[in-house]
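The file protein-v9.csv contains CSV, C-alpha atoms:
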chain,number,residue,atom,x,y,z
G,1,MET,CA,15.5,-2.8,21.5
G,2,ALA,CA,15.3,-0.5,18.5
G,3,GLU,CA,18.2,-2.4,16.8
G,4,ILE,CA,16.5,-5.7,17.5
G,5,SER,CA,13.3,-4.4,16.0
G,6,SER,CA,15.1,-3.3,12.8
G,7,THR,CA,16.9,-6.7,12.5
G,8,LEU,CA,13.6,-8.6,12.9
G,9,LEU,CA,12.0,-6.5,10.1
G,10,TYR,CA,15.0,-7.2,7.9
G,11,ILE,CA,14.7,-10.9,8.5
G,12,ALA,CA,11.0,-10.7,7.7
G,13,PHE,CA,11.8,-9.0,4.4
G,14,ILE,CA,14.3,-11.6,3.4
G,15,ALA,CA,11.9,-14.4,4.4
G,16,TYR,CA,9.1,-12.9,2.2
G,17,LEU,CA,11.5,-12.5,-0.7
G,18,VAL,CA,12.6,-16.2,-0.4
G,19,GLY,CA,8.9,-17.2,0.0
G,20,THR,CA,8.0,-15.4,-3.2
G,21,PHE,CA,10.6,-17.3,-5.3
G,22,LEU,CA,9.5,-20.6,-3.7
G,23,PHE,CA,5.8,-19.9,-4.5
G,24,GLY,CA,6.8,-18.8,-8.0
G,25,GLY,CA,8.6,-22.1,-8.6
G,26,THR,CA,5.7,-24.1,-7.2
G,27,VAL,CA,3.1,-22.2,-9.3
G,28,ARG,CA,5.1,-22.1,-12.5
G,29,ASN,CA,5.7,-25.9,-12.4
G,30,ASN,CA,2.2,-26.7,-11.1
G,31,ARG,CA,3.6,-28.9,-8.3
G,32,ARG,CA,0.5,-30.2,-6.8
G,33,LYS,CA,-0.7,-33.8,-7.1
G,34,ASN,CA,-4.0,-35.4,-6.1
G,35,GLY,CA,-5.1,-32.3,-4.3
G,36,LYS,CA,-2.1,-32.4,-1.9
G,37,LEU,CA,0.3,-29.6,-1.3
G,38,SER,CA,3.8,-30.2,-2.8
G,39,LYS,CA,6.9,-30.2,-0.7
G,40,TRP,CA,7.9,-26.9,-2.2
G,41,THR,CA,4.6,-25.3,-1.3
G,42,ILE,CA,5.0,-26.5,2.3
G,43,VAL,CA,8.5,-25.1,2.4
G,44,ALA,CA,7.3,-21.8,1.0
G,45,MET,CA,4.6,-21.6,3.7
G,46,ALA,CA,7.1,-22.5,6.4
G,47,VAL,CA,9.4,-19.7,5.3
G,48,THR,CA,6.5,-17.2,5.1
G,49,ILE,CA,5.4,-18.1,8.6
G,50,ILE,CA,8.9,-17.6,9.9
G,51,GLY,CA,8.9,-14.2,8.2
G,52,LEU,CA,5.5,-13.4,9.7
G,53,ALA,CA,6.7,-14.4,13.2
G,54,SER,CA,9.8,-12.2,12.7
G,55,HIS,CA,7.5,-9.4,11.5
G,56,ILE,CA,5.3,-9.7,14.6
G,57,GLY,CA,8.5,-9.7,16.7
G,58,TYR,CA,9.5,-6.4,15.0
G,59,PHE,CA,6.1,-4.9,15.7
G,60,THR,CA,6.2,-6.0,19.3
G,61,THR,CA,9.7,-4.9,20.1
G,62,ARG,CA,9.2,-1.5,18.4
G,63,TRP,CA,6.0,-1.1,20.5
G,64,ILE,CA,8.1,-1.8,23.7
G,65,ALA,CA,10.9,0.5,22.6
G,66,SER,CA,8.6,3.4,21.7
G,67,GLY,CA,6.0,3.0,24.4
G,68,HIS,CA,3.1,3.2,21.9
G,69,ALA,CA,1.6,1.3,19.1
G,70,PRO,CA,4.0,1.6,16.1
G,71,VAL,CA,1.4,3.0,13.7
G,72,SER,CA,2.0,6.7,14.2
G,73,ASN,CA,3.8,7.6,10.9
G,74,LEU,CA,4.1,6.4,7.4
G,75,PHE,CA,7.0,4.0,8.1
G,76,GLU,CA,5.2,2.4,11.0
G,77,PHE,CA,1.8,2.2,9.4
G,78,ALA,CA,3.1,0.8,6.1
G,79,THR,CA,5.1,-2.0,7.9
G,80,ALA,CA,2.2,-2.8,10.1
G,81,PHE,CA,-0.1,-2.9,7.0
G,82,ALA,CA,2.4,-5.3,5.3
G,83,MET,CA,2.4,-7.5,8.5
G,84,MET,CA,-1.4,-7.7,8.5
G,85,LEU,CA,-1.5,-8.4,4.8
G,86,VAL,CA,0.7,-11.5,5.2
G,87,LEU,CA,-1.3,-12.5,8.3
G,88,ALA,CA,-4.5,-12.4,6.2
G,89,PHE,CA,-2.8,-14.4,3.4
G,90,VAL,CA,-1.6,-17.1,5.9
G,91,VAL,CA,-5.1,-17.5,7.3
G,92,LEU,CA,-6.7,-17.7,3.9
G,93,PHE,CA,-4.0,-20.1,2.7
G,94,PHE,CA,-5.0,-22.7,5.3
G,95,ILE,CA,-8.6,-22.3,4.2
G,96,TYR,CA,-8.2,-22.5,0.5
G,97,LYS,CA,-4.7,-24.1,0.0
G,98,THR,CA,-3.8,-22.0,-3.0
G,99,ALA,CA,-0.1,-21.2,-3.6
G,100,VAL,CA,-0.6,-18.6,-6.3
G,101,LEU,CA,-2.1,-16.3,-3.7
G,102,GLY,CA,1.2,-16.2,-1.9
G,103,LEU,CA,3.1,-15.5,-5.2
G,104,PHE,CA,1.2,-12.2,-5.5
G,105,THR,CA,0.6,-11.3,-1.9
G,106,LEU,CA,4.2,-11.5,-0.7
G,107,PRO,CA,5.6,-9.1,-3.3
G,108,THR,CA,2.9,-6.7,-2.3
G,109,ALA,CA,4.1,-6.9,1.3
G,110,LEU,CA,7.7,-6.5,0.1
G,111,LEU,CA,6.8,-3.3,-1.8
G,112,LEU,CA,5.1,-1.9,1.3
G,113,ILE,CA,8.1,-2.6,3.5
G,114,ALA,CA,10.5,-1.1,0.9
G,115,TYR,CA,8.2,1.9,0.4
G,116,ALA,CA,8.1,2.4,4.1
G,117,SER,CA,11.8,2.4,4.4
G,118,MET,CA,12.1,5.5,2.2
G,119,PHE,CA,10.5,7.5,5.0
G,120,PRO,CA,12.1,8.4,8.4
G,121,THR,CA,12.4,5.2,10.5
G,122,ASP,CA,13.5,6.8,13.8
G,123,ILE,CA,11.4,6.3,16.9
G,124,SER,CA,10.0,9.7,17.9
G,125,PRO,CA,7.7,10.8,20.7
G,126,LEU,CA,4.0,11.0,19.9
G,127,ILE,CA,2.5,14.5,19.2
G,128,PRO,CA,-0.2,15.4,21.8
G,129,ALA,CA,-3.0,14.6,19.3
G,130,LEU,CA,-1.9,10.9,19.2
G,131,GLN,CA,-1.2,10.3,22.9
G,132,SER,CA,-4.2,8.1,23.5
G,133,ASP,CA,-5.0,4.4,23.7
G,134,TRP,CA,-7.3,5.0,20.8
G,135,LEU,CA,-4.3,5.2,18.5
G,136,ALA,CA,-3.7,1.4,18.8
G,137,ILE,CA,-7.4,0.6,18.8
G,138,HIS,CA,-8.4,2.8,15.8
G,139,VAL,CA,-5.3,2.5,13.5
G,140,THR,CA,-4.5,-1.2,14.0
G,141,THR,CA,-8.1,-2.2,13.4
G,142,ALA,CA,-8.4,0.0,10.3
G,143,ALA,CA,-5.1,-1.4,9.0
G,144,LEU,CA,-6.3,-5.0,9.5
G,145,GLY,CA,-9.5,-4.3,7.7
G,146,GLN,CA,-7.6,-2.7,4.8
G,147,ALA,CA,-5.2,-5.7,4.7
G,148,ILE,CA,-8.0,-8.2,4.4
G,149,LEU,CA,-9.7,-6.1,1.7
G,150,ALA,CA,-6.3,-6.0,-0.1
G,151,ILE,CA,-6.5,-9.7,-0.5
G,152,SER,CA,-9.6,-9.3,-2.7
G,153,ALA,CA,-7.5,-7.1,-5.0
G,154,VAL,CA,-4.7,-9.7,-5.1
G,155,ALA,CA,-7.3,-12.4,-6.0
G,156,GLY,CA,-8.8,-10.0,-8.5
G,157,ILE,CA,-5.5,-9.4,-10.3
G,158,ILE,CA,-4.8,-13.2,-10.4
G,159,TYR,CA,-8.3,-13.7,-11.9
G,160,LEU,CA,-7.8,-11.0,-14.5
G,161,LEU,CA,-4.3,-12.2,-15.5
G,162,LYS,CA,-5.9,-15.4,-16.6
G,163,ALA,CA,-9.3,-14.1,-17.8
G,164,VAL,CA,-8.2,-11.1,-19.9
G,165,ASP,CA,-7.1,-12.0,-23.5
G,166,GLN,CA,-3.6,-10.6,-24.0
G,167,SER,CA,-3.5,-11.4,-27.7
G,168,LYS,CA,-5.3,-8.2,-28.6
G,169,ASN,CA,-5.5,-4.6,-27.4
G,170,SER,CA,-8.6,-3.7,-25.5
G,171,ARG,CA,-9.8,-1.6,-22.6
G,172,LYS,CA,-9.3,-4.6,-20.3
G,173,THR,CA,-5.7,-5.0,-21.3
G,174,PHE,CA,-5.1,-1.2,-21.0
G,175,PHE,CA,-6.5,-1.0,-17.4
G,176,LEU,CA,-4.7,-4.2,-16.4
G,177,GLU,CA,-1.5,-2.8,-17.7
G,178,LEU,CA,-2.2,0.5,-15.9
G,179,ILE,CA,-2.2,-1.6,-12.6
G,180,MET,CA,1.3,-2.9,-13.6
G,181,TYR,CA,2.5,0.6,-14.3
G,182,PHE,CA,1.5,1.7,-10.7
G,183,VAL,CA,3.4,-1.3,-9.3
G,184,VAL,CA,6.5,-0.2,-11.4
G,185,THR,CA,6.0,3.3,-10.2
G,186,THR,CA,6.3,2.1,-6.6
G,187,ILE,CA,9.5,0.4,-7.5
G,188,ALA,CA,10.8,3.5,-9.2
G,189,PHE,CA,10.0,5.6,-6.1
G,190,ILE,CA,12.1,3.3,-4.0
G,191,ILE,CA,15.0,3.4,-6.5
G,192,ILE,CA,14.9,7.2,-6.9
G,193,THR,CA,14.6,8.0,-3.2
G,194,ALA,CA,17.3,5.5,-2.3
G,195,SER,CA,19.6,7.0,-5.0
G,196,PHE,CA,19.3,10.6,-3.7
G,197,ARG,CA,19.5,9.4,-0.1
G,198,ALA,CA,22.8,7.7,-1.0
G,199,VAL,CA,24.3,11.0,-2.1
G,200,ASP,CA,22.8,12.8,0.9
G,201,TYR,CA,20.8,15.3,-1.2
G,202,GLN,CA,19.3,18.1,0.9
G,203,ALA,CA,17.8,21.5,-0.1
G,204,GLU,CA,16.2,23.8,2.5
G,205,TYR,CA,13.4,26.3,1.8
G,206,LYS,CA,11.9,29.1,3.8
G,207,TRP,CA,8.2,29.4,3.2
G,208,ILE,CA,4.8,30.7,4.5
G,209,ASP,CA,2.4,28.0,5.8
G,210,LYS,CA,-1.4,28.0,5.8
G,211,ASN,CA,-1.4,30.0,9.1
G,212,ASP,CA,0.7,32.7,7.5
G,213,ALA,CA,3.6,31.8,9.7
G,214,GLU,CA,7.2,31.5,8.4
G,215,ALA,CA,8.4,27.9,8.4
G,216,MET,CA,11.2,25.7,7.1
G,217,MET,CA,10.9,22.8,4.6
G,218,GLU,CA,13.7,20.3,3.7
G,219,TYR,CA,13.8,18.5,0.3
G,220,HIS,CA,15.5,15.2,-0.3
G,221,LEU,CA,14.7,15.2,-4.0
G,222,PRO,CA,15.4,18.1,-6.4
G,223,ALA,CA,12.6,20.6,-6.2
G,224,LEU,CA,10.3,20.6,-9.2
G,225,ILE,CA,7.4,21.9,-7.0
G,226,GLY,CA,8.2,24.7,-4.5
G,227,PRO,CA,6.3,25.6,-1.3
G,228,HIS,CA,4.1,28.7,-0.9
G,229,LYS,CA,6.1,31.9,-1.1
G,230,GLY,CA,9.2,29.7,-0.9
G,231,GLU,CA,12.8,30.9,-0.8
G,232,LEU,CA,15.7,28.4,-1.5
G,233,LEU,CA,18.3,28.8,1.2
G,234,THR,CA,20.7,26.0,0.1
G,235,LYS,CA,23.3,27.1,-2.4
G,236,ASP,CA,23.9,25.2,-5.7
G,237,LYS,CA,20.6,23.3,-5.5
G,238,MET,CA,17.8,23.3,-8.1
G,239,GLU,CA,15.2,26.0,-7.9
G,240,ALA,CA,11.6,24.9,-8.1
G,241,PHE,CA,9.7,25.6,-11.3
G,242,VAL,CA,6.3,26.4,-9.7
G,243,GLU,CA,4.9,27.1,-6.3
G,244,VAL,CA,1.7,25.5,-4.8
G,245,PRO,CA,-0.8,26.9,-2.2
G,246,ALA,CA,0.0,26.4,1.4
G,247,ILE,CA,-2.7,23.8,1.9
G,248,ILE,CA,-0.7,21.4,-0.3
G,249,SER,CA,2.6,19.9,1.0
G,250,ALA,CA,5.0,20.9,-1.7
G,251,ARG,CA,7.7,18.6,-0.7
G,252,LYS,CA,5.4,15.6,-0.7
G,253,LEU,CA,3.8,16.5,-4.0
G,254,ASN,CA,7.3,16.9,-5.4
G,255,THR,CA,8.0,13.3,-4.3
G,256,VAL,CA,4.8,12.1,-6.0
G,257,ILE,CA,5.7,13.8,-9.3
G,258,TRP,CA,9.2,12.3,-9.1
G,259,SER,CA,7.7,8.9,-8.5
G,260,PHE,CA,5.3,9.0,-11.5
G,261,ALA,CA,8.0,10.5,-13.8
G,262,SER,CA,10.6,7.9,-12.8
G,263,GLY,CA,7.9,5.2,-12.9
G,264,LEU,CA,7.1,6.1,-16.5
G,265,LEU,CA,10.8,5.9,-17.4
G,266,LEU,CA,11.3,2.5,-15.7
G,267,TYR,CA,8.1,1.1,-17.2
G,268,GLY,CA,9.3,2.2,-20.7
G,269,ILE,CA,12.7,0.5,-20.1
G,270,ILE,CA,11.0,-2.7,-19.0
G,271,ARG,CA,8.7,-2.8,-22.0
G,272,LEU,CA,11.7,-2.3,-24.3
G,273,ILE,CA,13.4,-5.3,-22.7
G,274,ILE,CA,10.5,-7.7,-22.5
G,275,ARG,CA,8.8,-6.6,-25.8
G,276,LYS,CA,5.3,-7.2,-24.4
G,277,ARG,CA,3.0,-6.0,-21.7
G,278,VAL,CA,4.1,-6.6,-18.1
G,279,SER,CA,0.7,-8.3,-17.5
G,280,ALA,CA,1.4,-10.7,-20.4
G,281,LEU,CA,4.7,-11.5,-18.8
G,282,LEU,CA,2.9,-12.5,-15.6
G,283,GLN,CA,0.1,-14.3,-17.2
G,284,PRO,CA,1.8,-17.8,-17.3
G,285,PHE,CA,1.8,-17.8,-13.5
G,286,ALA,CA,-2.0,-17.7,-13.5
G,287,LYS,CA,-2.6,-20.2,-16.3
G,288,ASN,CA,-3.5,-23.0,-13.9
G,289,VAL,CA,-5.7,-20.9,-11.6
G,290,ASN,CA,-9.2,-21.9,-10.7
G,291,LEU,CA,-11.2,-18.8,-11.5
G,292,ASP,CA,-14.2,-19.8,-9.3
G,293,LEU,CA,-11.8,-20.2,-6.4
G,294,MET,CA,-10.2,-16.7,-7.0
G,295,ASP,CA,-13.7,-15.3,-7.2
G,296,GLU,CA,-14.6,-16.9,-3.9
G,297,ILE,CA,-11.5,-15.7,-2.2
G,298,GLY,CA,-12.0,-12.1,-3.4
G,299,TYR,CA,-15.6,-12.1,-2.2
G,300,ARG,CA,-14.8,-13.7,1.2
G,301,SER,CA,-12.0,-11.2,1.8
G,302,VAL,CA,-14.5,-8.3,1.4
G,303,THR,CA,-17.1,-9.9,3.6
G,304,ILE,CA,-14.5,-10.3,6.4
G,305,GLY,CA,-12.5,-7.1,5.8
G,306,PHE,CA,-15.5,-4.7,5.3
G,307,PRO,CA,-16.9,-5.0,8.9
G,308,ILE,CA,-13.4,-4.8,10.4
G,309,PHE,CA,-12.7,-1.7,8.3
G,310,THR,CA,-16.0,-0.2,9.3
G,311,LEU,CA,-15.2,-0.7,13.0
G,312,GLY,CA,-11.7,0.6,12.8
G,313,ALA,CA,-11.7,3.4,10.2
G,314,LEU,CA,-15.2,4.8,10.9
G,315,ILE,CA,-16.7,3.9,14.3
G,316,PHE,CA,-13.5,3.8,16.4
G,317,ALA,CA,-12.2,6.9,14.5
G,318,MET,CA,-15.4,8.9,15.3
G,319,ILE,CA,-15.3,7.9,19.0
G,320,TRP,CA,-11.7,9.1,19.2
G,321,ALA,CA,-12.5,12.3,17.4
G,322,GLN,CA,-15.3,13.0,19.7
G,323,ILE,CA,-13.0,12.5,22.7
G,324,ALA,CA,-10.1,14.5,21.3
G,325,TRP,CA,-11.8,17.3,19.4
G,326,THR,CA,-15.4,17.2,20.8
G,327,ARG,CA,-16.9,16.4,17.4
G,328,PHE,CA,-17.0,13.0,15.6
G,329,TRP,CA,-16.6,14.3,12.1
G,330,ALA,CA,-14.8,17.3,10.5
G,331,TRP,CA,-14.7,16.5,6.7
G,332,ASP,CA,-10.9,16.2,7.0
G,333,PRO,CA,-9.5,14.7,3.7
G,334,LYS,CA,-8.5,11.5,5.4
G,335,GLU,CA,-12.0,11.1,6.9
G,336,VAL,CA,-13.6,11.8,3.6
G,337,TRP,CA,-11.6,9.2,1.8
G,338,ALA,CA,-12.2,6.6,4.5
G,339,LEU,CA,-15.9,7.3,3.9
G,340,ILE,CA,-15.5,7.0,0.1
G,341,THR,CA,-13.7,3.6,0.7
G,342,TRP,CA,-16.5,2.4,2.9
G,343,LEU,CA,-19.2,3.5,0.4
G,344,PHE,CA,-17.3,1.7,-2.4
G,345,TYR,CA,-17.1,-1.6,-0.6
G,346,ALA,CA,-20.8,-1.3,0.4
G,347,ALA,CA,-21.6,-0.8,-3.3
G,348,TYR,CA,-19.4,-3.9,-4.0
G,349,LEU,CA,-21.4,-6.1,-1.7
G,350,HIS,CA,-24.7,-4.6,-3.1
G,351,LEU,CA,-23.7,-5.3,-6.7
G,352,ARG,CA,-22.4,-8.7,-5.8
G,353,LEU,CA,-25.5,-9.9,-3.9
G,354,SER,CA,-28.3,-8.0,-5.7
G,355,LYS,CA,-27.0,-7.5,-9.2
G,356,GLY,CA,-25.1,-10.8,-9.6
G,357,TRP,CA,-21.7,-9.1,-10.3
G,358,HIS,CA,-19.6,-12.2,-10.0
G,359,GLY,CA,-16.4,-13.3,-11.8
G,360,GLU,CA,-14.6,-10.7,-13.8
G,361,LYS,CA,-16.8,-7.8,-12.8
G,362,SER,CA,-16.2,-8.6,-9.1
G,363,ALA,CA,-12.4,-8.9,-9.8
G,364,TRP,CA,-12.3,-5.4,-11.3
G,365,LEU,CA,-14.2,-4.1,-8.3
G,366,GLY,CA,-11.7,-5.6,-5.9
G,367,VAL,CA,-8.8,-4.0,-7.8
G,368,VAL,CA,-10.6,-0.6,-7.9
G,369,GLY,CA,-11.2,-0.8,-4.1
G,370,TYR,CA,-7.6,-1.4,-3.4
G,371,ALA,CA,-6.7,1.6,-5.7
G,372,ILE,CA,-8.9,3.8,-3.5
G,373,ILE,CA,-7.2,2.5,-0.3
G,374,MET,CA,-3.8,3.2,-1.9
G,375,PHE,CA,-4.9,6.7,-3.0
G,376,ASN,CA,-5.9,7.4,0.6
G,377,PHE,CA,-2.7,5.9,2.0
G,378,ILE,CA,-0.2,7.5,-0.4
G,379,PHE,CA,-1.7,10.6,-2.1
G,380,VAL,CA,-3.9,12.0,0.7
G,381,ASN,CA,-1.2,11.3,3.3
G,382,LEU,CA,1.6,12.9,1.2
G,383,VAL,CA,0.0,15.8,-0.6
G,384,ILE,CA,-3.1,17.1,1.1
G,385,ALA,CA,-2.6,18.9,4.4
G,386,GLY,CA,-5.2,18.1,7.1
G,387,LEU,CA,-5.7,16.9,10.6
G,388,HIS,CA,-4.0,13.6,9.7
G,389,SER,CA,-0.9,15.2,8.1
G,390,TYR,CA,1.3,13.8,10.8
G,391,ALA,CA,0.6,10.3,9.4

Let me see the file written as structure tokens.
Amino acid sequence: MAEISSTLLYIAFIAYLVGTFLFGGTVRNNRRKNGKLSKWTIVAMAVTIIGLASHIGYFTTRWIASGHAPVSNLFEFATAFAMMLVLAFVVLFFIYKTAVLGLFTLPTALLLIAYASMFPTDISPLIPALQSDWLAIHVTTAALGQAILAISAVAGIIYLLKAVDQSKNSRKTFFLELIMYFVVTTIAFIIITASFRAVDYQAEYKWIDKNDAEAMMEYHLPALIGPHKGELLTKDKMEAFVEVPAIISARKLNTVIWSFASGLLLYGIIRLIIRKRVSALLQPFAKNVNLDLMDEIGYRSVTIGFPIFTLGALIFAMIWAQIAWTRFWAWDPKEVWALITWLFYAAYLHLRLSKGWHGEKSAWLGVVGYAIIMFNFIFVNLVIAGLHSYA
């Protein structure tokens, strides 16, 4: 069953990749006449739906194989998040009939799946803290809410690619290009991790954890950052330059640093090749976009995703915490950032409805909101030790 699950995920990945190219060709050539969808758009959607069906098949078979909802670690959550992102896109496509949304949503799903594959993919038993039906209820609902909210960021980026003037340097072009840098950094992380995995790089450290107990830590990238009171046990491997406190996961922080450094290098290479901003390279794909439509999609995504996120990430989470730990709130880093995310989108709706922040302002808010979600998903998960460190 596990092999079937992996094959289905692979098929979904290929389908999304093919769908991206089909949507790209459709958008680039503006193949839509008299308000009707072109044949290429129909084919692109058919391929996307096949990919989504395969993705759902992966999720279902992995659930059967593991005996629990496959959202218990970074690999499982990221692949589930990608599935729900594509599901949200498919639903919105049939409402708004806009192909450009697929051109930018499917690559996001592809990056999430590729990012997930850099972490352990084996099915493992749940730790005691996760052995509850609330795992499926809380995490899947929170992931669905975040996926729908992510569509607002996709629509926001499309809006900004058309609206921001690329002919001159400005704060807008800087921040839009910063978004592109983070996308490139994700790609660089995948490349660098896959490269060291291919040569089977391993380095083992003995260290003292936050409970003053001796523990072991295994690195799969050369150690720039070492664990608290760490001692390298593997011969002929690079020694860390600095140590960090026990509350910080040194191995995961090391991965983040490698990602940003390699991302900077890859971004520099790309800029040398294309001789212009990455956002300027993508701008032609948004030239025929209806800005009012993108604004509407971004807003509707938040109005749908926000209550679902509230239910999954806060209400269900607090109920589970009360059952498991006899208190509904503990100011754990993951809980804090879930609250920050909720407050941000509450502010988004307030500014939109009360202050008239439509159009470009709303697009920027959508992008910032997704950045907060990704910070919680990547940095808080990877670097800060807490009750959700198993994720």

Original post:
So what do you get for atom CA of G:Phe59 versus atom CA of G:Gly102, distance-wise?
Top reply: 21.5 Å

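Each of G:Ala80, G:Arg275, G:Phe189, G:Tyr159 was compared to G:Ala261 using all atoms listed in the file, and G:Phe189 turns out to be the nearest.
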
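One distance worth recording is that between atom CA of G:Ile340 and atom CA of G:Trp357, which is 20.1 Å.
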
**OP:** Kindly give the distance, in Å, that separates atom CA of G:Tyr267 and atom CA of G:Phe75, rounded to a single decimal.
**Re:**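 These atoms are spaced 25.5 Å apart.
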
**OP:** Skip stretch 55-58 of chain G itself and residues of its chain fewer than 6 positions away, then list as number ranges by chain all residues within 10 Å of it, counting only C-alpha atoms.
**Re:** G: 1-13, 15, 49, 64, 70, 79-80, 82-84, 86-87

**OP:** Give the answer as one residue: which of G:Asp212, G:Leu92, G:Leu74, G:Ser38 has the shortest atom-to-atom distance to G:Phe377, using all atoms listed in the file?
**Re:** G:Leu74

Original post:
Pick the closest to G:Val380 from G:Ile323, G:Ile247, G:Ile297, G:Ala188: which is it, counting all atoms listed in the file?
Top reply: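 Looking only at the distances to G:Val380, the closest residue turns out to be G:Ile247.
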
Original post:
Between G:Leu17, G:Leu110, G:Ala163, G:Leu339, which is the closest to G:Ala286 once you count all atoms listed in the file?
Top reply: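 Looking only at the distances to G:Ala286, the closest residue turns out to be G:Ala163.
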
Subject >> G:Glu214 environment, 12 Å, all atoms listed in the file, sequence neighbours closer than 2 positions dropped, as a list of chain:residue names >> reply: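 Non-adjacent residues within range: G:Tyr205, G:Lys206, G:Trp207, G:Ile208, G:Asp209, G:Lys210, G:Asn211, G:Asp212, G:Met216, G:Met217, G:Pro227, G:His228, G:Lys229, G:Gly230, G:Glu231, G:Ala246.
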
Original post:
Of the candidates G:Thr140, G:Asn290, G:Leu221, G:Ser124, which shows the shortest atom-to-atom distance to G:Arg62, using only C-alpha atoms?
Top reply: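 Of all the options, G:Ser124 lies closest to G:Arg62.
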
Original post:
Hey, which of G:Ile113, G:Ala321, G:Val244, G:Thr121 ends up closest to G:Ser66? Count all atoms listed in the file.
Top reply: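 Using all atoms listed in the file, G:Ser66 sits closest to G:Thr121.
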
Write out as JSON lines a residue-level contact list of stretch 189-285 of chain G versus stretch 165-169 of chain G with cut-off 10 Å: for each qualifying residue the closest pair of atoms and the distance in Å to one decimal, counting only C-alpha atoms, rows sorted by chain and residue number upward.
{"residue": "G:Lys276", "atom": "CA", "partner": "G:Gln166", "partner_atom": "CA", "distance": 9.5}
{"residue": "G:Arg277", "atom": "CA", "partner": "G:Gln166", "partner_atom": "CA", "distance": 8.4}
{"residue": "G:Ser279", "atom": "CA", "partner": "G:Gln166", "partner_atom": "CA", "distance": 8.1}
{"residue": "G:Ala280", "atom": "CA", "partner": "G:Gln166", "partner_atom": "CA", "distance": 6.2}
{"residue": "G:Leu281", "atom": "CA", "partner": "G:Gln166", "partner_atom": "CA", "distance": 9.8}
{"residue": "G:Gln283", "atom": "CA", "partner": "G:Gln166", "partner_atom": "CA", "distance": 8.6}

**OP:** Mind checking which residues fall within 10 Å of G:Thr41, counting all atoms listed in the file, ignoring those fewer than 4 positions away in the same chain, and posting them as number ranges by chain?
**Re:** G: 19, 22-27, 31-32, 36-37, 45-47, 97-100, 102
